[in-house]
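Notes follow once the structure below has been shown.
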Amino acid sequence: MNEKYLPLLATIAVFIALFVIGGFLYNNFLSTLVLGDILADNAFIITAAIGTTFVILSGGIDLSIGSMIGFVGVVIANLDVVGWHPLVSAAMMLGFGLAFGALQGLIIDFCEIQPFIVTLAGLFLLRGSCFMINLDSVPIRHPFVASFAAASIPLPGGGFLASSAIVMLISLAVAIALAHFTRFGANVYAIGGDRTSAALMGVPMRRTTVAIYALGGFYSALGGVIYAFYTSSGYPLAGTGNELTAIASVVLGGTMLTGGIGMVAGTLFGGMIFGLIATLINFNGSLNGAWIMISGGILLFLFIVLQRSIVGSLRLGRTT
Amino acid sequence: MKHSANIEADAPSISRLRAIAGHRAVWPVVALALIFVVDGFISPGFFHIRIVEGRLFGNLIDILYRAAPTALVALGMAIVIGTKGIDLSVGSVIAIVGAVITWRIHAGDPHFAILLIALGVGLLCGLWNGFLVAILDIQPIIATLILMVSGRGIGLMINLLYGGTNPSFISPLLQGLSVGHIGLIPTRLILGVAIFCALWLLIRRTALGLFLESVGGNSAAADLTGINARLIKYAAYLICALCAAWAGVILAADTHTSDPVSVGLYIELDAILAVVIGGGSLAGGRIYLGMTVLGALIIQALTTSILTSGLPPEYNLVVKAVVVIIVLLLQSNNLRSALYATLARQPR
């Protein structure tokens, strides 16, 4: 079997194992109801993380995700107050996400500043813009948002696939197609594998870099739209720290931060593992939120060590 | 030489300008000066320093005072970044140190021992990060992400050790080190300068600095010349965690409480920014301690200026982002040469 699928399989195995453990511990845990809830609750962050997967596959990083989620929600909510249809403002914000990401990509490539710093400035800029618009949570009262939040497809076994989860799964399918069946996807993997070789092979570096960050911006804006519609509000602090959860989801999903290795589909399971842990801790009731952070750290550690050992064996395989 | 005489006459001044503009210290100094000039226009009393209750007061002192924790963290960060690493966990280290200090004070330990315990905890965090980066060879950004994600949770768990109901504390020793003053000068500034001097001597007057920069420049090459790259990287993370622990002592004593969720939030980002504004490259190989402190001062000067200028504090982040972007863009060679090209074309 191909070794590049090992981290992905490990992620899926961990997810199933955690789910089964939950089933042993609590009645009614092993159900499509819980699964549907996890998908719906984490749809926004998984969507954002899908875009980050491309950025990380190319060897970069995007810290502006969390602020983008907050900013998109705040703008949509405020435009709702002045009477814009949520779909129109959402479409506008998706365009904004695309443009903002593209600008970040352009600065990274043209000015040769590290992605970490450029997207960090993006984090400050977007979060600051949230605070400048307003400091309180603004409800979105348009009936469309309420019907979107309520819409769902029934699953066998009493569960529901919420509309946010459906949007997430569709965007995942698009991302998988982009990553594995287009020239752009191949270019992303090439840049992540070895920048210099990719440039020498004729990969259009500037265009690809701009496209990668534009895609990242688009997906985080989409995550913001999902979050705003799901919660029916725009809150300037929404998404704080979510950039780290998204990056951690990507890493848990088997993508290497060094770039070039990983699969978009893994991010879905990486994000779901985080959601599953939170759900497990909520089911327990006596554990507090601190455990979510600590178990997240422990899982990250285990996965990274696993990845190291797999990569180590790959390298050994090559030299012998 | 195809250029006309007209251009050649201009050439020396342009090249001198270019040499000055290319020097790493120029743009950060210009940025700080600009901030102060704007401050001077907005609030005429900005530079006024007076003595109140036997200590110095004024905006300039306030900038130094508040920049101290960030500058300390940034110094450690500069060393880690010099080895081509990064330490995202400094905020978590601050949270853990604060929680441990409060826990031990509630347990009734002597306060001097608590100070040592706090630094010991920082050392422990550094040992963990160093182990992941130097021994297991994990990418620094992800290795330190582990402690960053879980550290604040650990802090919350430590708070639970004494019930966690009333995490406030009073300690004359610790608060003396943080908010006290010796003569006219705040103690944390004196200690900060002492730590800076110690680090400067360590980096610039021993071989360690050379080793650190060579490991950051090319780890494999440094290893081949006989430098123990693992040991050097390990040392960098230990120093960084110790600096963060000291910042944790200052912040915990300043707020009189343990608040793992919000203490030192985003300080890792500010510290990294300070290093980068100071001309440090995330690609490693360079350590500029003085410039890093300058970077931290720029960040704090901005914050203080926004507060004194009467702008709503909500504008803080946006202004900070804009200034940071401008400083970074000015430091970019590519953009500067593009600017020179357009400037040189214009007169004709």
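Letters A, B, ... go to the chains of the structure tokens in the order shown; residues in each chain start at 1; ligands are counted from 1 in the same order.
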
task: Dump as a PyMOL selection string the residues of chain B that approach chain A to within 6 Å, counting only C-alpha atoms.
output: chain B and resi 146+149-150+153+314+317-318+321+332+334-335

task: Run DSSP on the backbone of this structure and report the residues of region 98-319 of chain A it assigns to helix (DSSP H, G or I), as a PyMOL selection string.
output: chain A and resi 98-110+115-133+143-150+163-181+183-193+195-200+205-231+242-252+264-284+290-319

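Note that the spacing between CA of Trp246 (chain B) and CA of Thr292 (chain B) amounts to 17.2 Å.
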
message: Please return, as a ChimeraX atom specification, all residues of region 118-204 of chain A that DSSP assigns to strand (DSSP E) on the basis of the backbone.
response: /A:138-139,152-154,160-162

- prompt: CA of Ala241 (chain B) to CA of Gly122 (chain B): how many Å, to one decimal?
  reply: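 Atom-to-atom, CA of Ala241 (chain B) to CA of Gly122 (chain B), that is 5.3 Å.
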
- prompt: Between A:Leu172, A:Ile12, A:Val145, A:Leu30, which one has atoms that come closest to Ile46 (chain A), using only C-alpha atoms?
  reply: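 Among the listed residues, A:Leu172 lies closest to Ile46 (chain A).
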
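Taking CA of Val263 (chain B) as the reference point, CA of Ile94 (chain B) is found at 7.2 Å.
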
Closest of B:Gly120, B:Ser219, B:Leu199, B:Gly278 to Ala296 (chain B) - atom-to-atom distances counting only C-alpha atoms: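 Residue with the minimum atom-to-atom distance to Ala296 (chain B): B:Gly278.
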
- prompt: Could you pull the residues within 9 Å of Trp200 (chain B), counting only C-alpha atoms, minus those fewer than 5 positions along the same chain, as a list in words?
  reply: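 Skipping anything fewer than 5 positions along the chain leaves Ile195, Arg205, Gly209, Leu289 and Gly290 of chain B.
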